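Next up, coords09.cif (mmCIF, C-alpha atoms):
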data_target
#
loop_
_atom_site.group_PDB
_atom_site.id
_atom_site.type_symbol
_atom_site.label_atom_id
_atom_site.label_comp_id
_atom_site.auth_asym_id
_atom_site.auth_seq_id
_atom_site.Cartn_x
_atom_site.Cartn_y
_atom_site.Cartn_z
ATOM 1 C CA MET I 1 -72.646 23.166 23.399
ATOM 2 C CA GLU I 2 -71.470 20.358 21.195
ATOM 3 C CA VAL I 3 -72.788 16.871 21.813
ATOM 4 C CA LYS I 4 -69.958 14.789 23.225
ATOM 5 C CA GLN I 5 -69.536 11.091 22.896
ATOM 6 C CA ILE I 6 -67.471 8.887 25.154
ATOM 7 C CA SER I 7 -65.800 5.954 23.501
ATOM 8 C CA LEU I 8 -63.859 3.194 25.169
ATOM 9 C CA PHE I 9 -61.635 0.389 24.096
ATOM 10 C CA LEU I 10 -62.839 -3.009 25.237
ATOM 11 C CA GLU I 11 -61.112 -6.283 24.749
ATOM 12 C CA ASN I 12 -63.435 -8.925 23.414
ATOM 13 C CA LYS I 13 -63.603 -10.994 26.575
ATOM 14 C CA LYS I 14 -66.103 -12.104 29.150
ATOM 15 C CA GLY I 15 -67.265 -9.568 31.696
ATOM 16 C CA ARG I 16 -65.418 -6.578 30.308
ATOM 17 C CA LEU I 17 -68.546 -4.746 29.187
ATOM 18 C CA TRP I 18 -70.114 -5.360 32.557
ATOM 19 C CA GLU I 19 -67.069 -3.929 34.305
ATOM 20 C CA ALA I 20 -67.371 -0.725 32.312
ATOM 21 C CA MET I 21 -71.091 -0.467 33.019
ATOM 22 C CA ASP I 22 -70.490 -1.166 36.681
ATOM 23 C CA VAL I 23 -68.146 1.817 36.905
ATOM 24 C CA LEU I 24 -70.849 4.043 35.413
ATOM 25 C CA ALA I 25 -73.526 2.552 37.647
ATOM 26 C CA LYS I 26 -71.487 3.222 40.779
ATOM 27 C CA ALA I 27 -70.874 6.794 39.657
ATOM 28 C CA LYS I 28 -74.631 7.100 39.073
ATOM 29 C CA ILE I 29 -74.210 8.000 35.427
ATOM 30 C CA ASN I 30 -77.184 7.252 33.246
ATOM 31 C CA ILE I 31 -76.762 6.225 29.619
ATOM 32 C CA ARG I 32 -78.777 8.001 26.959
ATOM 33 C CA ALA I 33 -77.629 5.978 24.003
ATOM 34 C CA LEU I 34 -74.919 3.516 23.131
ATOM 35 C CA SER I 35 -73.496 1.475 20.336
ATOM 36 C CA ILE I 36 -70.744 -1.099 20.119
ATOM 37 C CA ALA I 37 -68.487 -1.681 17.158
ATOM 38 C CA ASP I 38 -67.008 -5.128 17.386
ATOM 39 C CA THR I 39 -64.095 -6.759 15.639
ATOM 40 C CA SER I 40 -62.678 -10.227 16.260
ATOM 41 C CA ASP I 41 -60.444 -9.140 19.122
ATOM 42 C CA PHE I 42 -61.641 -5.795 20.401
ATOM 43 C CA GLY I 43 -64.682 -3.605 20.558
ATOM 44 C CA ILE I 44 -65.312 0.097 20.752
ATOM 45 C CA LEU I 45 -68.135 1.110 23.015
ATOM 46 C CA ARG I 46 -69.640 4.496 22.294
ATOM 47 C CA LEU I 47 -71.844 6.259 24.776
ATOM 48 C CA ILE I 48 -73.930 9.354 25.075
ATOM 49 C CA VAL I 49 -74.251 10.324 28.733
ATOM 50 C CA PRO I 50 -75.528 13.468 30.450
ATOM 51 C CA ASP I 51 -72.156 14.206 32.037
ATOM 52 C CA PRO I 52 -69.410 13.088 29.629
ATOM 53 C CA ASP I 53 -66.583 14.736 31.574
ATOM 54 C CA LYS I 54 -67.480 12.842 34.719
ATOM 55 C CA ALA I 55 -67.907 9.590 32.804
ATOM 56 C CA LYS I 56 -64.494 10.035 31.251
ATOM 57 C CA LYS I 57 -62.955 10.728 34.630
ATOM 58 C CA VAL I 58 -64.381 7.703 36.417
ATOM 59 C CA LEU I 59 -63.641 5.346 33.529
ATOM 60 C CA THR I 60 -60.079 6.587 33.173
ATOM 61 C CA LYS I 61 -59.618 6.130 36.888
ATOM 62 C CA SER I 62 -60.692 2.505 36.506
ATOM 63 C CA ASN I 63 -58.003 1.987 33.852
ATOM 64 C CA PHE I 64 -60.201 2.110 30.766
ATOM 65 C CA THR I 65 -58.894 3.687 27.590
ATOM 66 C CA VAL I 66 -61.333 6.521 27.039
ATOM 67 C CA ARG I 67 -61.773 9.196 24.445
ATOM 68 C CA GLU I 68 -64.182 12.065 24.252
ATOM 69 C CA ASN I 69 -65.132 13.528 20.911
ATOM 70 C CA ASP I 70 -67.794 15.568 19.168
ATOM 71 C CA VAL I 71 -70.614 13.939 17.273
ATOM 72 C CA ILE I 72 -73.585 15.324 15.391
ATOM 73 C CA ALA I 73 -77.049 14.757 16.808
ATOM 74 C CA VAL I 74 -80.164 15.439 14.809
ATOM 75 C CA GLY I 75 -83.810 14.822 15.458
ATOM 76 C CA VAL I 76 -85.654 13.030 12.696
ATOM 77 C CA SER I 77 -89.335 12.318 12.508
ATOM 78 C CA ASP I 78 -90.139 8.801 13.670
ATOM 79 C CA LYS I 79 -91.658 7.588 10.422
ATOM 80 C CA PRO I 80 -90.518 5.814 7.255
ATOM 81 C CA GLY I 81 -87.978 7.863 5.347
ATOM 82 C CA GLY I 82 -86.931 9.978 8.330
ATOM 83 C CA LEU I 83 -83.348 8.813 8.336
ATOM 84 C CA ALA I 84 -83.107 8.486 4.567
ATOM 85 C CA GLY I 85 -83.845 12.210 4.276
ATOM 86 C CA ILE I 86 -80.876 13.104 6.489
ATOM 87 C CA LEU I 87 -78.524 10.715 4.751
ATOM 88 C CA LYS I 88 -79.541 12.047 1.335
ATOM 89 C CA ILE I 89 -78.328 15.495 2.385
ATOM 90 C CA LEU I 90 -74.954 14.112 3.436
ATOM 91 C CA THR I 91 -74.663 12.005 0.301
ATOM 92 C CA ASP I 92 -75.403 14.993 -1.903
ATOM 93 C CA ALA I 93 -72.759 16.988 -0.014
ATOM 94 C CA ASP I 94 -70.268 14.154 -0.648
ATOM 95 C CA ILE I 95 -69.838 13.454 3.063
ATOM 96 C CA ASN I 96 -69.106 9.975 4.314
ATOM 97 C CA VAL I 97 -70.691 8.644 7.505
ATOM 98 C CA GLU I 98 -68.199 6.693 9.616
ATOM 99 C CA TYR I 99 -70.854 5.316 11.923
ATOM 100 C CA MET I 100 -74.205 6.226 13.384
ATOM 101 C CA TYR I 101 -76.762 5.023 15.842
ATOM 102 C CA ALA I 102 -80.227 6.128 16.792
ATOM 103 C CA PHE I 103 -82.641 6.084 19.649
ATOM 104 C CA VAL I 104 -86.265 7.084 20.047
ATOM 105 C CA GLU I 105 -87.217 10.016 22.196
ATOM 106 C CA LYS I 106 -89.474 9.346 25.151
ATOM 107 C CA SER I 107 -92.299 11.382 23.661
ATOM 108 C CA GLY I 108 -92.132 9.029 20.681
ATOM 109 C CA GLU I 109 -92.479 11.695 18.023
ATOM 110 C CA LYS I 110 -88.860 11.941 17.097
ATOM 111 C CA ALA I 111 -85.879 9.730 16.794
ATOM 112 C CA ILE I 112 -82.462 11.066 17.664
ATOM 113 C CA VAL I 113 -79.711 10.117 15.280
ATOM 114 C CA VAL I 114 -76.091 10.336 16.385
ATOM 115 C CA LEU I 115 -73.753 10.682 13.427
ATOM 116 C CA ARG I 116 -70.025 10.651 13.049
ATOM 117 C CA THR I 117 -68.715 12.093 9.808
ATOM 118 C CA ASP I 118 -65.053 12.444 8.909
ATOM 119 C CA SER I 119 -65.193 16.150 9.556
ATOM 120 C CA ILE I 120 -67.818 17.018 12.125
ATOM 121 C CA SER I 121 -67.918 20.672 11.133
ATOM 122 C CA ASN I 122 -68.486 19.884 7.434
ATOM 123 C CA GLY I 123 -71.254 17.481 8.347
ATOM 124 C CA LYS I 124 -72.944 20.074 10.497
ATOM 125 C CA LYS I 125 -72.593 22.737 7.849
ATOM 126 C CA ALA I 126 -74.237 20.583 5.202
ATOM 127 C CA LEU I 127 -77.135 19.683 7.489
ATOM 128 C CA LYS I 128 -77.712 23.267 8.588
ATOM 129 C CA LYS I 129 -77.630 24.445 5.015
ATOM 130 C CA ALA I 130 -80.436 22.011 4.211
ATOM 131 C CA GLY I 131 -82.487 23.425 7.072
ATOM 132 C CA ILE I 132 -81.976 20.550 9.501
ATOM 133 C CA THR I 133 -81.738 21.455 13.167
ATOM 134 C CA VAL I 134 -78.589 20.079 14.727
ATOM 135 C CA LEU I 135 -79.282 19.353 18.385
ATOM 136 C CA SER I 136 -77.240 20.843 21.181
ATOM 137 C CA SER I 137 -75.961 18.941 24.178
ATOM 138 C CA ARG I 138 -78.808 20.270 26.259
ATOM 139 C CA ASP I 139 -81.393 18.851 23.851
ATOM 140 C CA VAL I 140 -79.788 15.433 23.937
ATOM 141 C CA TYR I 141 -78.561 14.964 27.511
ATOM 142 C CA GLY I 142 -81.776 16.130 29.095
ATOM 143 C CA LEU I 143 -83.991 13.561 27.433
ATOM 144 C CA MET A 1 -21.920 -4.516 17.370
ATOM 145 C CA ASP A 2 -25.138 -4.163 15.409
ATOM 146 C CA ARG A 3 -25.303 -7.828 14.629
ATOM 147 C CA ILE A 4 -25.694 -8.652 18.298
ATOM 148 C CA THR A 5 -29.438 -8.547 18.777
ATOM 149 C CA GLY A 6 -29.996 -10.266 22.083
ATOM 150 C CA ARG A 7 -29.302 -13.128 24.423
ATOM 151 C CA THR A 8 -29.279 -16.595 22.946
ATOM 152 C CA ASP A 9 -31.658 -17.807 25.631
ATOM 153 C CA ASP A 10 -34.289 -15.319 24.370
ATOM 154 C CA MET A 11 -33.857 -16.545 20.845
ATOM 155 C CA LEU A 12 -36.780 -18.144 19.067
ATOM 156 C CA LYS A 13 -36.756 -20.278 15.993
ATOM 157 C CA ILE A 14 -39.939 -19.793 14.038
ATOM 158 C CA ARG A 15 -40.425 -21.450 10.663
ATOM 159 C CA GLY A 16 -36.692 -21.873 10.623
ATOM 160 C CA VAL A 17 -36.058 -18.175 11.122
ATOM 161 C CA LEU A 18 -34.171 -16.916 14.147
ATOM 162 C CA ILE A 19 -35.989 -14.175 15.992
ATOM 163 C CA PHE A 20 -35.118 -12.098 19.021
ATOM 164 C CA PRO A 21 -37.878 -10.426 21.038
ATOM 165 C CA SER A 22 -35.760 -7.283 21.002
ATOM 166 C CA GLN A 23 -36.344 -7.013 17.252
ATOM 167 C CA ILE A 24 -40.077 -6.852 17.873
ATOM 168 C CA GLU A 25 -39.607 -4.281 20.590
ATOM 169 C CA LYS A 26 -37.552 -2.154 18.244
ATOM 170 C CA ALA A 27 -40.249 -2.377 15.567
ATOM 171 C CA LEU A 28 -42.911 -1.274 18.070
ATOM 172 C CA LEU A 29 -40.881 1.756 19.039
ATOM 173 C CA GLU A 30 -40.867 2.849 15.419
ATOM 174 C CA VAL A 31 -44.641 3.246 15.344
ATOM 175 C CA LYS A 32 -45.725 6.580 16.753
ATOM 176 C CA GLY A 33 -47.890 6.454 19.865
ATOM 177 C CA VAL A 34 -47.328 2.750 20.471
ATOM 178 C CA GLU A 35 -45.872 1.713 23.791
ATOM 179 C CA PRO A 36 -43.433 -1.165 23.867
ATOM 180 C CA HIS A 37 -45.513 -3.428 26.071
ATOM 181 C CA TYR A 38 -45.993 -6.654 24.210
ATOM 182 C CA GLN A 39 -46.177 -10.386 24.470
ATOM 183 C CA ILE A 40 -45.302 -12.924 21.827
ATOM 184 C CA ILE A 41 -47.403 -16.045 21.513
ATOM 185 C CA VAL A 42 -46.101 -18.797 19.290
ATOM 186 C CA THR A 43 -48.412 -21.596 18.214
ATOM 187 C CA ARG A 44 -48.384 -24.357 15.665
ATOM 188 C CA PRO A 45 -52.008 -24.894 14.675
ATOM 189 C CA GLN A 46 -51.257 -27.101 11.675
ATOM 190 C CA HIS A 47 -47.760 -27.660 10.422
ATOM 191 C CA LEU A 48 -46.570 -24.088 10.364
ATOM 192 C CA ASP A 49 -45.672 -21.821 13.246
ATOM 193 C CA GLU A 50 -47.837 -18.769 13.804
ATOM 194 C CA ILE A 51 -46.819 -15.712 15.783
ATOM 195 C CA GLU A 52 -49.257 -13.484 17.537
ATOM 196 C CA VAL A 53 -47.942 -10.285 19.036
ATOM 197 C CA GLN A 54 -50.192 -8.750 21.644
ATOM 198 C CA VAL A 55 -49.644 -5.021 21.931
ATOM 199 C CA GLU A 56 -51.167 -2.724 24.498
ATOM 200 C CA THR A 57 -53.245 0.133 23.188
ATOM 201 C CA SER A 58 -52.526 3.574 24.499
ATOM 202 C CA LYS A 59 -54.535 6.724 24.743
ATOM 203 C CA LYS A 60 -52.579 8.075 21.807
ATOM 204 C CA ILE A 61 -53.571 5.394 19.338
ATOM 205 C CA PHE A 62 -57.119 4.826 20.519
ATOM 206 C CA SER A 63 -59.831 6.190 18.280
ATOM 207 C CA ASP A 64 -63.612 6.054 18.193
ATOM 208 C CA GLU A 65 -63.346 4.714 14.642
ATOM 209 C CA VAL A 66 -62.617 1.046 13.999
ATOM 210 C CA LYS A 67 -60.972 2.018 10.726
ATOM 211 C CA GLN A 68 -58.218 3.925 12.473
ATOM 212 C CA LEU A 69 -57.456 1.216 15.000
ATOM 213 C CA GLU A 70 -57.238 -1.341 12.203
ATOM 214 C CA GLU A 71 -54.794 0.957 10.453
ATOM 215 C CA VAL A 72 -52.543 1.132 13.525
ATOM 216 C CA LYS A 73 -52.674 -2.648 13.749
ATOM 217 C CA LYS A 74 -51.627 -3.034 10.125
ATOM 218 C CA LYS A 75 -48.859 -0.516 10.564
ATOM 219 C CA ILE A 76 -47.447 -2.439 13.529
ATOM 220 C CA GLU A 77 -47.693 -5.708 11.582
ATOM 221 C CA LYS A 78 -45.806 -4.148 8.692
ATOM 222 C CA HIS A 79 -43.022 -2.796 10.912
ATOM 223 C CA ILE A 80 -42.567 -6.152 12.629
ATOM 224 C CA GLU A 81 -42.576 -7.973 9.309
ATOM 225 C CA ASN A 82 -39.893 -5.640 8.006
ATOM 226 C CA SER A 83 -37.830 -6.207 11.109
ATOM 227 C CA ILE A 84 -38.011 -10.008 11.443
ATOM 228 C CA GLY A 85 -38.917 -11.114 7.949
ATOM 229 C CA LEU A 86 -42.018 -13.022 9.021
ATOM 230 C CA ARG A 87 -45.636 -12.071 8.921
ATOM 231 C CA VAL A 88 -47.235 -11.817 12.356
ATOM 232 C CA LYS A 89 -50.721 -11.256 13.665
ATOM 233 C CA VAL A 90 -51.020 -8.249 15.928
ATOM 234 C CA THR A 91 -53.756 -8.147 18.535
ATOM 235 C CA LEU A 92 -54.501 -4.956 20.420
ATOM 236 C CA VAL A 93 -55.146 -5.483 24.104
ATOM 237 C CA GLU A 94 -56.112 -3.115 26.875
ATOM 238 C CA PRO A 95 -53.430 -1.035 28.553
ATOM 239 C CA LYS A 96 -51.764 -2.458 31.656
ATOM 240 C CA THR A 97 -53.042 -5.987 31.012
ATOM 241 C CA LEU A 98 -49.771 -7.537 29.903
ATOM 242 C CA PRO A 99 -47.281 -8.640 32.560
ATOM 243 C CA ARG A 100 -44.670 -6.021 33.357
ATOM 244 C CA SER A 101 -41.037 -6.923 33.462
ATOM 245 C CA GLU A 102 -39.830 -7.821 36.897
ATOM 246 C CA GLY A 103 -36.187 -8.441 36.382
ATOM 247 C CA LYS A 104 -36.240 -10.564 33.289
ATOM 248 C CA ALA A 105 -39.461 -10.094 31.359
ATOM 249 C CA LYS A 106 -41.521 -13.047 30.288
ATOM 250 C CA ARG A 107 -42.219 -11.847 26.776
ATOM 251 C CA VAL A 108 -42.682 -15.127 25.012
ATOM 252 C CA ILE A 109 -45.301 -17.788 25.453
ATOM 253 C CA ASP A 110 -44.397 -20.773 23.327
ATOM 254 C CA LYS A 111 -47.372 -23.072 22.925
ATOM 255 C CA ARG A 112 -45.740 -25.293 20.341
ATOM 256 C CA GLN A 113 -45.192 -28.780 21.592
ATOM 257 C CA LEU A 114 -41.710 -29.277 20.335
#

As structure tokens, the full file:
Amino acid sequence: MEVKQISLFLENKKGRLWEAMDVLAKAKINIRALSIADTSDFGILRLIVPDPDKAKKVLTKSNFTVRENDVIAVGVSDKPGGLAGILKILTDADINVEYMYAFVEKSGEKAIVVLRTDSISNGKKALKKAGITVLSSRDVYGL
Amino acid sequence: MDRITGRTDDMLKIRGVLIFPSQIEKALLEVKGVEPHYQIIVTRPQHLDEIEVQVETSKKIFSDEVKQLEEVKKKIEKHIENSIGLRVKVTLVEPKTLPRSEGKAKRVIDKRQL
């Protein structure tokens, strides 16, 4: 299964992020990873959660603008150059990264990198071709 | 009848240009996926009037990429500029946060102290 990301539109104002988190807390949805892209008047919050469909449902119900889309998750070794190696592959394949964020696995050996390329399938293809294991939803959600 | 654009009591004079909120509404309807829920805020920070148009985002225009949302914003700004002849600043706000019309809609907030 593809790794899904939930993104939501947040106005840049006091308490709005808390309100979104409160909805997830009440629905007992844990967050695996998150990143926020901020501009002067709005932000986009991106989340990796174990149950994206449920997260989307509860957030939509609370009037948030939500979107669910595929992202690429790869495990990189938690040492200098780990991420550079992955990005080199994408650069050589002429693939642009729109955004990315990373988090460290509990075991501490690997870091998980969440990547968004223009075309997800092209990004995956290039990584697989270079022998990189692209993680499935089960690998990522169950951490 | 085309030259009739709205009621004179809705009319705004910004930098000497006459503007009707209906012109902005029309411009919004031209942009695909954008819903015509908006509010016009007129200020005069220095000596010149500034217009901010707050537009509600919709599921259709929302994207996980900042780049794409900025593009929608620019597109709306362009359409409004073409329609009224003045450059405006568009701000995207969350859906259902702008007041809905009850009878006569309060679309304009004029903060200029004229």

Atom CA of A:Thr43 to atom CA of A:Lys111, straight-line distance in Å: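 According to the coordinates, atom CA of A:Lys111 and atom CA of A:Thr43 are separated by 5.0 Å.
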
Distance filter 7 Å, all atoms listed in the file, chain A against chain I, as a list in words: Lys59, Asp64, Thr91, Val93 and Glu94 of chain A

d(atom CA of I:Asp78, atom CA of I:Arg138) in Å: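 Atom CA of I:Arg138 lies at a distance of 20.5 Å from atom CA of I:Asp78.
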
Ground truth for the PyMOL selection byres ((chain I and resi 135) around 10), written as a list in words: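 For this structure, the PyMOL selection byres ((chain I and resi 135) around 10) captures Met1, Glu2, Val3, Ile72, Ala73, Val74, Gly75, Ile112, Val113, Val114, Ile132, Thr133, Val134, Ser136, Ser137, Arg138, Asp139 and Val140 of chain I.
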
Answer key for the PyMOL selection byres ((chain A and resi 47) around 12), residues as a list in words: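 In the shown coordinates, the PyMOL selection byres ((chain A and resi 47) around 12) covers Ile14, Arg15, Thr43, Arg44, Pro45, Gln46, Leu48, Asp49, Glu50, Arg112, Gln113 and Leu114 of chain A.
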
Box for stretch 60-69 of chain A: with edges along x, y and z, all listed atoms inside and 8 Å added on each side, what are the centre and edge lengths in Å to one decimal, as AutoDock Vina command-line options?
--center_x -58.1 --center_y 4.6 --center_z 16.3 --size_x 27.0 --size_y 23.0 --size_z 27.1

Coordinates-based distance that separates atom CA of A:Gly33 from atom CA of A:Ile61 (Å, one decimal):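 According to the coordinates, atom CA of A:Ile61 and atom CA of A:Gly33 are separated by 5.8 Å.
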
Counting all atoms listed in the file, the option among I:Lys128, I:Lys26, I:Lys106, I:Lys13 closest to I:Ser62: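 Looking only at the distances to I:Ser62, the closest residue turns out to be I:Lys26.
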
Non-local contacts of I:Gly131 (12 Å; all atoms listed in the file; under 3 positions in same chain excluded) as a VMD selection string: chain I and resid 74 85 to 86 89 124 to 128 134

For A:Val90: contacts at 6 Å, only C-alpha atoms, fewer than 2 positions along chain excluded, given as a PyMOL selection string: chain A and resi 52-54

Taking the file above as input, evaluate the PyMOL selection byres ((chain A and resi 80-88) around 7) and report the hits as a JSON list (two decimals) with C-alpha atoms, keeping the file's coordinate frame.
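expr19.json, written as the output of this step:
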[["chain", "number", "residue", "atom", "x", "y", "z"],
["A", 19, "ILE", "CA", -35.99, -14.18, 15.99],
["A", 23, "GLN", "CA", -36.34, -7.01, 17.25],
["A", 24, "ILE", "CA", -40.08, -6.85, 17.87],
["A", 27, "ALA", "CA", -40.25, -2.38, 15.57],
["A", 51, "ILE", "CA", -46.82, -15.71, 15.78],
["A", 52, "GLU", "CA", -49.26, -13.48, 17.54],
["A", 53, "VAL", "CA", -47.94, -10.28, 19.04],
["A", 76, "ILE", "CA", -47.45, -2.44, 13.53],
["A", 77, "GLU", "CA", -47.69, -5.71, 11.58],
["A", 78, "LYS", "CA", -45.81, -4.15, 8.69],
["A", 79, "HIS", "CA", -43.02, -2.80, 10.91],
["A", 89, "LYS", "CA", -50.72, -11.26, 13.66],
["A", 90, "VAL", "CA", -51.02, -8.25, 15.93]]

Close residues, I:Ile31 itself excluded, 8 Å, only C-alpha atoms, min 3 positions apart in chain, as JSON, numbers by chain: {"I": [34, 47, 48, 49, 50]}

Near-A:Val55 list (10 Å; all atoms listed in the file; drop same-chain fewer than 3 positions) as a PyMOL selection string: chain A and resi 28+34-40+52+58+73+76+90-95+97-98

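Using all atoms listed in the file, the shortest contact distance between I:Asp22 and any of I:Leu59, I:Ala130, I:Val71, I:Asn96 is found at I:Leu59.
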